[in-house]
Structure formats: C-alpha cells, structure tokens
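Let me begin by presenting the structure, written as structure tokens, before commenting on it.
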Amino acid sequence: MTKLPTDVSGRDVRAALERAGFVFRRQRGSHIVLRRDHPYARVIVPDHKQIRRGTLSQILAEADLTVDEFLRLLGR
C-alpha cells in the first residue's frame, strides 16, 4: 500500500477530485464542497496550503478512491 502524500494542498485535492468526476458546488470560508452524481458522493475539502494526513484519508474514503488512484489523478 502506498503512503499518503503530506505535501498536498486543498487546491491540489480539488483538481484531482475534479478529474475523478467531482464538480464544484460551493465554498464557504475555507471549505470547498464537491459533489459527484454517479455514484453519489459529497466531499468537503479544506482550502489550506497543506492537508493533514488524517483529513486526506477521510476525503479519499468519502470519495471512494484508493491512494494509488488519487496519486494517479495528481499526476505523481
């Protein structure tokens, strides 16, 4: 199993999720809400310079993505 990256920003996560079929819905403060219709999933991404490992793990679980899929979407 590949380790989660620790140098990922909220904007990087948003871009990767948009490549996975998520669509920007709204933003309130530093929280970005993304949604995918098929299969339905809603993810909230903090717009921070660095996303903590536990937060990123929870985002990937809600998005139903593996670490390897996420790294491929990031282009790493």
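Each chain in the structure tokens gets a letter, A, B, ..., in the order shown, and its residues are numbered from 1; ligands are numbered from 1 in order too.
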
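DSSP annotation of segment 14-56 of chain A from backbone atoms: strand (DSSP E or B) residues are Val23, Phe24, Arg25, Arg26, Gln27, Arg28, His31, Ile32, Val33, Leu34, Arg35, Arg36, Ala41, Arg42, Val43, Ile44, Val45 and Pro46 of chain A.
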
Could you save the residues just selected, with N, CA and C atoms, as a PDB file, in the first residue's frame?
ATOM      1  N   VAL A  23     -17.690  17.742  -9.110  1.00  0.00           N
ATOM      2  CA  VAL A  23     -18.000  19.077  -9.600  1.00  0.00           C
ATOM      3  C   VAL A  23     -18.052  20.028  -8.406  1.00  0.00           C
ATOM      4  N   PHE A  24     -17.469  21.213  -8.572  1.00  0.00           N
ATOM      5  CA  PHE A  24     -17.512  22.238  -7.533  1.00  0.00           C
ATOM      6  C   PHE A  24     -18.961  22.674  -7.332  1.00  0.00           C
ATOM      7  N   ARG A  25     -19.417  22.659  -6.081  1.00  0.00           N
ATOM      8  CA  ARG A  25     -20.789  23.088  -5.789  1.00  0.00           C
ATOM      9  C   ARG A  25     -20.817  24.457  -5.121  1.00  0.00           C
ATOM     10  N   ARG A  26     -19.991  24.615  -4.070  1.00  0.00           N
ATOM     11  CA  ARG A  26     -19.972  25.902  -3.372  1.00  0.00           C
ATOM     12  C   ARG A  26     -18.749  25.958  -2.457  1.00  0.00           C
ATOM     13  N   GLN A  27     -18.512  27.169  -1.945  1.00  0.00           N
ATOM     14  CA  GLN A  27     -17.438  27.356  -0.973  1.00  0.00           C
ATOM     15  C   GLN A  27     -17.916  28.336   0.080  1.00  0.00           C
ATOM     16  N   ARG A  28     -17.652  27.979   1.324  1.00  0.00           N
ATOM     17  CA  ARG A  28     -17.965  28.878   2.428  1.00  0.00           C
ATOM     18  C   ARG A  28     -16.721  28.966   3.298  1.00  0.00           C
ATOM     19  N   HIS A  31     -13.840  26.105   3.219  1.00  0.00           N
ATOM     20  CA  HIS A  31     -14.347  24.760   2.936  1.00  0.00           C
ATOM     21  C   HIS A  31     -14.973  24.707   1.548  1.00  0.00           C
ATOM     22  N   ILE A  32     -14.420  23.840   0.708  1.00  0.00           N
ATOM     23  CA  ILE A  32     -14.894  23.659  -0.658  1.00  0.00           C
ATOM     24  C   ILE A  32     -15.742  22.393  -0.698  1.00  0.00           C
ATOM     25  N   VAL A  33     -16.954  22.502  -1.229  1.00  0.00           N
ATOM     26  CA  VAL A  33     -17.850  21.352  -1.331  1.00  0.00           C
ATOM     27  C   VAL A  33     -17.871  20.879  -2.776  1.00  0.00           C
ATOM     28  N   LEU A  34     -17.534  19.611  -2.976  1.00  0.00           N
ATOM     29  CA  LEU A  34     -17.542  18.979  -4.298  1.00  0.00           C
ATOM     30  C   LEU A  34     -18.529  17.835  -4.280  1.00  0.00           C
ATOM     31  N   ARG A  35     -19.165  17.586  -5.434  1.00  0.00           N
ATOM     32  CA  ARG A  35     -20.153  16.517  -5.499  1.00  0.00           C
ATOM     33  C   ARG A  35     -20.041  15.744  -6.796  1.00  0.00           C
ATOM     34  N   ARG A  36     -20.331  14.448  -6.702  1.00  0.00           N
ATOM     35  CA  ARG A  36     -20.381  13.571  -7.869  1.00  0.00           C
ATOM     36  C   ARG A  36     -21.744  12.913  -7.852  1.00  0.00           C
ATOM     37  N   ALA A  41     -21.599  11.011  -4.286  1.00  0.00           N
ATOM     38  CA  ALA A  41     -20.642  11.253  -3.210  1.00  0.00           C
ATOM     39  C   ALA A  41     -20.506  12.755  -3.031  1.00  0.00           C
ATOM     40  N   ARG A  42     -20.375  13.171  -1.790  1.00  0.00           N
ATOM     41  CA  ARG A  42     -20.134  14.580  -1.480  1.00  0.00           C
ATOM     42  C   ARG A  42     -18.896  14.648  -0.598  1.00  0.00           C
ATOM     43  N   VAL A  43     -17.991  15.557  -0.950  1.00  0.00           N
ATOM     44  CA  VAL A  43     -16.724  15.673  -0.246  1.00  0.00           C
ATOM     45  C   VAL A  43     -16.500  17.140   0.110  1.00  0.00           C
ATOM     46  N   ILE A  44     -16.016  17.374   1.316  1.00  0.00           N
ATOM     47  CA  ILE A  44     -15.667  18.722   1.750  1.00  0.00           C
ATOM     48  C   ILE A  44     -14.154  18.780   1.888  1.00  0.00           C
ATOM     49  N   VAL A  45     -13.547  19.717   1.156  1.00  0.00           N
ATOM     50  CA  VAL A  45     -12.095  19.845   1.128  1.00  0.00           C
ATOM     51  C   VAL A  45     -11.699  21.191   1.729  1.00  0.00           C
ATOM     52  N   PRO A  46     -10.840  21.205   2.749  1.00  0.00           N
ATOM     53  CA  PRO A  46     -10.369  22.488   3.280  1.00  0.00           C
ATOM     54  C   PRO A  46      -9.378  23.122   2.306  1.00  0.00           C
TER      55      PRO A  46
END

Give me the residues of segment 24-70 of chain A that have any atom at most 7 Å from an atom of segment 2-10 of chain A; for each, the nearest atom pair and the distance in Å, rounded to one decimal. Use only C-alpha atoms, sort by chain and number, and format it as JSON lines.
{"residue": "A:Val45", "atom": "CA", "partner": "A:Gly10", "partner_atom": "CA", "distance": 6.2}
{"residue": "A:Pro46", "atom": "CA", "partner": "A:Gly10", "partner_atom": "CA", "distance": 5.7}
{"residue": "A:Asp47", "atom": "CA", "partner": "A:Gly10", "partner_atom": "CA", "distance": 4.4}
{"residue": "A:His48", "atom": "CA", "partner": "A:Gly10", "partner_atom": "CA", "distance": 5.2}
{"residue": "A:Lys49", "atom": "CA", "partner": "A:Ser9", "partner_atom": "CA", "distance": 4.7}
{"residue": "A:Gln50", "atom": "CA", "partner": "A:Ser9", "partner_atom": "CA", "distance": 4.5}
{"residue": "A:Ile51", "atom": "CA", "partner": "A:Ser9", "partner_atom": "CA", "distance": 5.6}
{"residue": "A:Arg52", "atom": "CA", "partner": "A:Thr6", "partner_atom": "CA", "distance": 6.8}
{"residue": "A:Arg53", "atom": "CA", "partner": "A:Thr6", "partner_atom": "CA", "distance": 6.2}
{"residue": "A:Val67", "atom": "CA", "partner": "A:Thr2", "partner_atom": "CA", "distance": 6.4}
{"residue": "A:Asp68", "atom": "CA", "partner": "A:Thr2", "partner_atom": "CA", "distance": 6.6}

Can you write just those residues out, C-alpha atoms, as a compact mmCIF listing (two decimals), in the first residue's frame?
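Heads up, here's the output in result.txt:
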# COMPACT_ATOMS: atom_id res chain seq x y z
CA VAL A 45 -12.09 19.84 1.13
CA PRO A 46 -10.37 22.49 3.28
CA ASP A 47 -8.65 25.13 1.14
CA HIS A 48 -5.38 25.01 3.10
CA LYS A 49 -1.75 25.10 1.98
CA GLN A 50 -1.20 21.62 3.40
CA ILE A 51 -3.83 18.96 4.08
CA ARG A 52 -3.20 16.76 7.11
CA ARG A 53 -2.80 13.04 6.53
CA VAL A 67 -4.29 6.18 -2.52
CA ASP A 68 -2.91 4.85 -5.81

> In terms of the shortest atom-to-atom distance over only C-alpha atoms, which of A:Glu62, A:His38, A:Gly29, A:Leu74 is closest to Arg11 of chain A?
Replying inline: A:Leu74

> Taking the backbone alone, and naming residues the way the document does, which bits of chain A are alpha helix (DSSP H) by DSSP, as a ChimeraX atom specification?
Replying inline: /A:10-19,53-63,67-74

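Neighbouring residues of Arg19 of chain A at 12 Å or closer, counting only C-alpha atoms and skipping chain neighbours under 6 positions away, are Asp12, Val13, Leu34, Arg36, Glu69, Phe70, Leu71, Arg72, Leu73, Leu74 and Gly75 of chain A.
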